[in-house]
Structures are given as structure tokens and as C-alpha cells.
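Undergrad: My questions will all concern the structure given below.
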Amino acid sequence: MSTVYNLKKEAEKPPRLTGGHRLCAGCGAGIVVAGVLRALNPEDRAVVVNATSCLEVSTFMYPYTAYMDSYIHSAFENSAATCSGVEAAYNALKRRGKVDGTVKFITFAGDGGTYDIGFQSLSGAMERGHDMVYICYDNEAYMNTGIQRSSSTPRHTRTTTSPVGVVQPGKKQNKKDLTDILVAHNIPYVAQTAPVGKFRDLHTKSHKAIYTEGPCFLNVLAPCPRGWDYPMAKLAEITQLAVDTCVWPLFEVEEGVWRLSYEPKKKLPVVDFLRTQGRFRHMFQKGNDWMIEEAQAFVDRKWERLLVRTEA
Amino acid sequence: MKSAVLTGEHFINGDEACAEGAIAAGCMFFAGYPITPATEVAEQMALRLPDVGGTFIQMEDEIAAMTCILGSAWTGAKSMTATSGPGFSLMMETVGLAVVTETPCVVVNVQRSGPSTGLPTQGAQADMMQAKWGSHGDYEIIAIAPSSPQEMFNLTITAFNLSETYRVPVFIMSDEIVGHMSEKVVIPPAGKIRTVSRPKPKGRKENFKPYAPGPKGVAPMPAIGEGYNVHVTGLTHDEKGYPVMSVDTQKEMMARLLGKIRNNLQDIILTEDYQLADAEIVLISYGVAARTSYTAVQTARRMGIKAGLLRLITVWPFPDDRIQALAEQVKAFVTVEINMGQICREVQRCAQGRARTYFVGHPGGAIIPPADVMAAIKEAMQAK
């Protein structure tokens with residue numbers, strides 16, 4: 001990796017997730033995947049493992065593929081296990097001298113396939129210590145089946161299985177702290193990032209995750225125009241707001257050492273983020289101020305805790 | 001609180017009708033997980049259950065969803081989950097637990113084409129044998145095949161009634177075509193809907209035997225917390241619920257588990273006869289495949305061929321006696337189903353060589369054209 005990150009130079013590299021895929025305009029997932037794969041050294045090859053997801057159905061419909069690298073999908077709940085197997089097979093071939101060069105193993109799964117149904121598989125793979133990277137592109141609901149809540153969906157969000165009505169104000173439960181849970185696996189590298197600004201944070205962390213030996217995990221925010229209900233042109237703005245309101249803090253944990261990657265010059269109120277999306281619209285109805293207050297308190301509590309953890 | 005029974009005429013799809021049928025049957029608990037083409041059942045339950053005092057829970061996967069409804073059933077609630085092929089596969093271990101613990105529950109499988117991911121958005125009827133044999137061990141369950149959104153409503157009520165009566169998992173083996181098809185669905189007034197609840201113990205709480213058979217061989221079922229000592233276990237157990245690792249106990253328990261279905265076939269099995277009285281060629285079909293079979297019967301009749309249809313409303317337990325009796329009278333059976341040969345084997349078994357058997361199948365993804373059925377009818381007529 002060049003020591004100085006330069007977006008223009010990075011963008012000049014041939015893309016490893018090519019255009020022409022079928023993801024929606026304004027979808028965060030494609031940008032995340034393209035950004036992660038750009039962090040591969042050009043001479044290295046990769047095996048991309050994918051859980052069932054929007055990404056899967058949109059980027060790989062053989063013989064059409066958006067990937068310049070090998071690709072494998074097996075099912076919804078087992079992408080980490082699949083990746084483990086591929087990595088183990090590579091090691092076996094390498095030991096026998098049957099494969100040349102460097103091959104990296106990168107898994108992409110959504111929050112449903114990571115926080116929920118694929119969680120057991122992920123935990124097992126991380127604990128076993130495969131040399132692989134698992135990337136969760138977190139769009140905070142099951143978008144592929146039409147916007148159902150997941151354990152990543154924030155409290156009070158409207159989805160089709162957490163509807164808003166007189167009995168319940170959207171999802172009742174809090175979002176799970178998956179990144180923290182992965183830290184608890186005591187693996188070499190865990191980070192939380194988002195495709196913001198010039199993608200420096202995403203790029204740097206992806207490169208580190210890919211080239212750190214052992215299991216590494218990235219949780220990447222990937223807004224969804226359908227599920228979050230925003231105009232597609234607002235993707236970058238909304239992602240930046242998630243970071244500047246500390247709804248989605250950027251940090252990394254390297255060999256157990258916590259480090260804050262970005263501290264907003266001015267921490268914006270959460271309401272600035274909530275306002276941009278239809279999934280939170282009911283929070284702005286008369287009498288629902290408490291939901292916004294709760295959302296702010298939740299973010300503040302987690303942010304304060306993160307600041308304590310990342311203090312040198 | 002809103003009404004549990006939305007009496008009136010609706011234009012809704014089969015998945016939604018299924019959810020409404022469940023609520024009308026008294027289902028107050030749904031645990032599910034999103035999967036095409038069954039997601040709309042969960043979505044409708046998520047929308048409606050909170051309004052009628054029920055509980056909707058989305059679980060982290062289908063293993064959890066199936067397990068969750070067993071737990072809720074033991075608290076006394078009528079419970080349901082809905083899924084499709086891959087999720088149905090994940091549920092299979094717990095199906096066996098439901099059988100052995102005699103837990104009433106309804107599992108909806110809006111079938112899509114497999115194996116594996118298959119055609120996720122297109123219909124099939126290829127999980128019929130999995131419904132019967134998917135979990136390990138010997139067991140009997142009940143499986144129902146609705147042919148229309150109206151039947152998704154009606155037969156979901158039937159499914160709950162049978163499940164409660166016999167303390168057995170009941171499968172609604174729908175498919176993507178019926179699940180996603182929108183038609184008129186008439187929901188009758190609540191007073192006109194017959195609902196059944198599980199038999200409850202009435203006697204002393206001391207020395208209670210939770211698995212001692214009552215009428216129809218079904219043990220009355222207490223809810224946890226009512227004061228009866230119950231032990232709910234997947235181990236082979238005696239009438240008291242004690243695990244007993246003996247051949248005799250296994251024989252006794254299995255006789256009870258199988259017997260409550262096998263000894264009540266008259267009460268459970270539902271079929272529909274269509275132009276069957278004088279039929280020489282009998283179509284056997286169920287679910288969406290039966291819809292094209294009606295057309296084939298009409299076409300054959302117009303051509304002077306005496307064709308009829310035996311529609312299986314319950315597919316499991318299988319109507320052995322009925323088909324054996326028909327085999328004595330008719331020339332041939334033609335089984336019509338969207339798979340590569342499942343229920344046709346049951347028909348062949350029951351025909352015992354007394355009538356010829358033909359199969360019109362389809363690997364999935366579409367309905368069976370009536371012309372394909374006609375070709376089989378003609379072949380059957382010409383056979384010597």
C-alpha cells in the first residue's frame with residue numbers, strides 16, 4: 001500500500017467490482033464493496049464470499065458477474081463457514097505447492113446475514129482463526145425480502161415487521177452492538193467504518209483488515225434508499241450525517257487496543273440524521289418527541305463509552 | 001382493540017388470507033423470519049397481532065422461529081410460523097420435537113422451487129415428502145394443501161382446529177402461486193367460524209400424567225403455570241413424562257403418537273370429489289395443481305372421456321382407503337403435482353396394481369398446463 005492515500009490514484013485503479021450490476025441507484029452496499037476491494041493490492045487475487053443478500057442477487061447472476069475476483073455463495077446463514085472452508089482448502093493446496101501467489105478471502109454479508117442468521121457461523125470462523133476478513137454491510141434491516149427488521153435495526157424504526165401504530169412505535173428493541181461483540185472474540189483487528197468523505201477511512205481499514213494475518217472484521221454502514229426511504233442522491237450526505245451525529249462512530253480495535261478514527265469537530269444532534277429518512281418520519285409527529293430524545297440519549301451513552309475506551 | 005375477525009369481502013393474496021385465518025382461529029402468537037415467498041404472512045401478522053392483543057416476534061432464524069412457537073404453545077397460546085423451502089429445512093429438527101412433545105402448532109410452508117435456493121420467487125409443490133419425513137424418526141403429522149386465497153383463510157382455521165384436537169404440528173403446504181395470488185376472500189362473521197381449543201385437564205393436580213391418553217388417544221394438555229407438573233422432553237418418555245430408556249416405553253409412546261392420527265383418519269382426512277361418480281380416469285391432485293386439473297376434467301368430459309378429480313385437501317395422513325376403493329372401480333389414476341414425483345408414489349402404492357397409474361409433474365416455477373394433463377388422460381384411455 002502506498003503510504004499516502006490519494007483518492008484520485010485509487011480511483012484510477014481498474015475496479016474489482018465493476019459497473020453494470022443491479023443494485024439500486026443510491027445504494028450504499030455497492031460503494032462499500034467497491035471500496036473494500038479497491039484496498040486489495042493489484043497483484044493479489046481474492047475470493048469473494050457472499051451471504052444471501054441484495055448484494056448477492058444484484059452482483060452475481062452467473063454468467064453475469066460484477067467481480068473481477070472469484071466468487072462463492074452458498075446460503076444465507078453460512079457465509080463465514082463457507083469462507084473458512086475456502087481458506088482451509090487454499091492452505092492445503094499451498095502446503096502441497098499447488099497454488100501460487102497471494103489469495104485473500106473476503107466475505108460480504110448484510111446485517112440480517114451477520115447480526116442474525118449468520119451470527120453463529122461468523123463467531124465460529126472468527127474463533128477458529130482463519131486468515132479471512134468478514135465485512136458486514138449494515139443497512140439495518142432485511143432489504144432483500146422487502147424491509148423487515150433485524151437485530152441491527154435501531155429502536156423505533158419503521159419496517160414491515162415493526163410497523164408503526166397505536167400499539168407500538170416501530171421497533172421496540174435497541175440495535176445490537178455487533179462490533180463490540182466481535183471485539184470480544186479477541187481477534188487481531190475489528191473496525192467500524194463507513195463510505196464517507198474521500199473513502200480514506202474505509203480504504204485504510206479495509207487494507208489493514210485484508211493484510212492483517214488472522215480473522216478480521218469490519219462493520220460498514222451502508223444506507224439503503226428503499227428501506228431508509230431517502231432520495232437516492234442523498235446517500236453521501238446521509239452517511240456523513242450518521243458519522244457526524246455519532247450514530248455510526250468510526251473506530252478500530254487493533255490487538256485489543258481501541259482507537260477513535262474520527263471525532264466530529266461539532267457533534268451534530270441525532271435529529272439531523274433522523275430527519276433525512278422516511279423510516280423515522282413518525283418520530284416527528286406530535287407527541288413523539290420522546291423518541292427523538294431517547295435516540296439522542298442512546299447515541300450519547302454509546303459515544304461517551306467509546307470515548308472512554310479509546311482514550312490513550 | 002380491533003376485531004380479530006375482519007368479517008366481509010376482501011381482495012387479498014393467499015399469504016395475507018392465511019394470516020387472517022390464523023387470527024380468526026384464535027392464533028395469538030406468531031414467530032417468524034423473512035423469506036420469499038412467505039414474508040407477507042409475517043408482515044400481516046406483525047401488522048395485525050398487536051392490534052388484537054397478540055404477539056408477533058421476529059426471530060434470528062427459522063430454527064429459533066420454530067422453537068419459539070413450541071414454547072408459546074406450552075403457555076397455552078395457539079401459535080404459528082410461516083416459511084419456505086430453506087427455512088423449512090432449518091425447522092426440521094424442531095418439527096420432531098413438536099411431534100414427540102405433542103405440541104399443537106401450525107407451520108405454513110409457502111413452497112418455492114428447490115432444491116436449495118432454487119427459484120426463490122416461483123412456486124412448486126416439492127416439499128410434500130419433507131413435510132411427512134423431514135425430521136428424523138417415525139412420526140405422523142397432518143398436512144393441508146390450500147388451492148386458493150379463500151382456502152388459505154378457511155384451511156388455516158382447519159389447521160388450527162386439527163392441531164389443537166390432536167396435539168400435533170399441522171403443516172399448511174401452500175405454494176408461491178397461491179400465496180401471491182390475489183382473489184376475493186370472504187371472511188364470515190366471527191360467530192359462524194368454528195374454532196377448537198386443545199383438551200385441558202380437569203382433575204387433580206397431584207400425580208398428574210401429562211401424556212396419559214384421553215378421548216381419541218389425545219392427552220389433555222395443561223399450560224405451563226397452571227399448577228400441573230409437566231415435563232416436556234424430546235427423550236422417550238412414559239405417561240408421566242419421565243424419560244425411560246426402554247424398548248417397552250418406546251413402543252408405548254410410539255403407539256400413542258402414531259395412533260392418535262392413524263386411529264382418527266375419518267375425522268382428519270378431507271378430500272373433494274369432482275365428477276367422480278362415474279369416472280374411469282381419476283386425477284389426484286392438490287393445492288394449486290388441482291386448479292388446472294379441474295380444467296382438464298372439463299375438457300376430457302367434453303371429449304366424451306369419463307374423467308374426474310379427487311382433490312386432496314389433507315395430503316397427510318394419506319387417504320389410503322379411499323384410493324384403494326377407487327382402484328377397484330376405475331381404469332387409471334393420473335397424479336398431477338408440481339414436483340418430479342412425490343404423491344404419485346403414494347397413489348401407486350394404494351392402487352396396488354389394480355388400476356394403472358400415471359404422473360404429470362413439473363420441476364417447478366410454473367403451473368402445470370391442462371394440456372399436459374390431457375395428454376396423460378388420453379394415454380390412460382388408450383392403454384390396453
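As shown in the C-alpha cells, the chain order sets the letters A, B, ...; within each chain, residues go from 1, and ligands are also counted from 1 in the order they appear.
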Identify every residue of chain A that has at least one atom within 9 Å of any atom of chain B, counting only C-alpha atoms, and report the result as number ranges by chain.

TA: A: 74-75, 77, 112, 115-119, 142, 145-146, 148-151, 160-168

Undergrad: Can you pull out the residues contacting region 171-182 of chain A? Cut-off 8 Å, using only C-alpha atoms, and skip same-chain residues under 3 positions away; I want them as a ChimeraX atom specification.

TA: /A:115,123,149,151-159,162-163,168,185-187,190-192,217-219

Undergrad: Could you tell me how far CA of Ala126 (chain B) sits from CA of Ser121 (chain A), in Å to one decimal place?

TA: 28.2 Å

Undergrad: Using DSSP secondary structure from the backbone, list all strand (DSSP E) positions within region 8-168 of chain B, as a PyMOL selection string.

TA: chain B and resi 8-13+27-32+55-58+78-83+105-113+119-123+142-144

Undergrad: Take the selection from the previous step and output its residues with C-alpha atoms, as a compact mmCIF listing (two decimals), in the first residue's frame.

TA:
# COMPACT_ATOMS: atom_id res chain seq x y z
CA GLY B 8 -66.56 -9.01 4.94
CA GLU B 9 -65.29 -9.34 1.41
CA HIS B 10 -61.61 -8.71 0.76
CA PHE B 11 -59.33 -8.76 -2.26
CA ILE B 12 -56.12 -10.08 -0.73
CA ASN B 13 -53.38 -12.54 -1.51
CA CYS B 27 -53.82 -17.61 16.96
CA MET B 28 -52.29 -15.06 19.30
CA PHE B 29 -48.64 -15.81 18.78
CA PHE B 30 -46.52 -15.75 15.66
CA ALA B 31 -42.75 -16.16 15.49
CA GLY B 32 -41.17 -15.87 12.08
CA THR B 55 -47.73 -11.17 19.96
CA PHE B 56 -45.54 -11.09 16.88
CA ILE B 57 -41.87 -11.87 17.26
CA GLN B 58 -39.29 -11.86 14.53
CA LYS B 78 -52.33 -21.02 19.64
CA SER B 79 -49.11 -20.48 17.72
CA MET B 80 -47.90 -20.34 14.16
CA THR B 81 -44.86 -19.74 12.00
CA ALA B 82 -44.51 -19.37 8.24
CA THR B 83 -41.61 -20.07 5.93
CA CYS B 105 -48.67 -25.64 16.32
CA VAL B 106 -49.23 -24.61 12.74
CA VAL B 107 -46.36 -24.32 10.26
CA VAL B 108 -47.04 -22.64 6.93
CA ASN B 109 -44.77 -23.58 4.04
CA VAL B 110 -45.34 -21.34 1.04
CA GLN B 111 -43.39 -23.65 -1.22
CA ARG B 112 -40.91 -22.40 -3.78
CA SER B 113 -38.84 -24.37 -6.25
CA LEU B 119 -36.31 -20.48 -7.86
CA PRO B 120 -36.95 -18.33 -4.81
CA THR B 121 -39.80 -16.35 -6.33
CA GLN B 122 -41.58 -19.17 -8.15
CA GLY B 123 -43.86 -21.89 -6.92
CA ILE B 142 -51.14 -33.52 9.31
CA ALA B 143 -50.55 -31.58 6.09
CA ILE B 144 -53.12 -29.48 4.28

Undergrad: Using only C-alpha atoms, determine which residues lie at most 7 Å from Gly227 (chain B), disregarding the query and same-chain residues fewer than 2 positions distant; provide the list as a list in words.

TA: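 Using only C-alpha atoms, the neighbours found are Lys205, Gly225 and Asn229 of chain B.
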
Undergrad: Those residues you just picked out, can you put them in a file as a JSON list (two decimals), in the first residue's frame with all heavy atoms?

TA:
[["chain", "number", "residue", "atom", "x", "y", "z"],
["B", 205, "LYS", "N", -54.40, -32.21, 40.56],
["B", 205, "LYS", "CA", -53.09, -31.82, 40.07],
["B", 205, "LYS", "C", -52.00, -32.75, 40.59],
["B", 205, "LYS", "O", -50.90, -32.81, 40.01],
["B", 205, "LYS", "CB", -52.80, -30.37, 40.45],
["B", 205, "LYS", "CG", -53.69, -29.44, 39.63],
["B", 205, "LYS", "CD", -53.52, -27.98, 39.89],
["B", 205, "LYS", "CE", -54.44, -27.23, 38.93],
["B", 205, "LYS", "NZ", -54.69, -25.87, 39.28],
["B", 225, "GLY", "N", -47.61, -23.32, 34.19],
["B", 225, "GLY", "CA", -48.04, -22.27, 35.12],
["B", 225, "GLY", "C", -49.43, -22.51, 35.70],
["B", 225, "GLY", "O", -49.87, -21.78, 36.58],
["B", 229, "ASN", "N", -47.78, -30.55, 37.14],
["B", 229, "ASN", "CA", -46.38, -30.86, 36.85],
["B", 229, "ASN", "C", -46.28, -31.41, 35.44],
["B", 229, "ASN", "O", -46.93, -32.41, 35.11],
["B", 229, "ASN", "CB", -45.85, -31.92, 37.82],
["B", 229, "ASN", "CG", -45.51, -31.30, 39.16],
["B", 229, "ASN", "OD1", -45.28, -30.09, 39.25],
["B", 229, "ASN", "ND2", -45.49, -32.11, 40.20]]
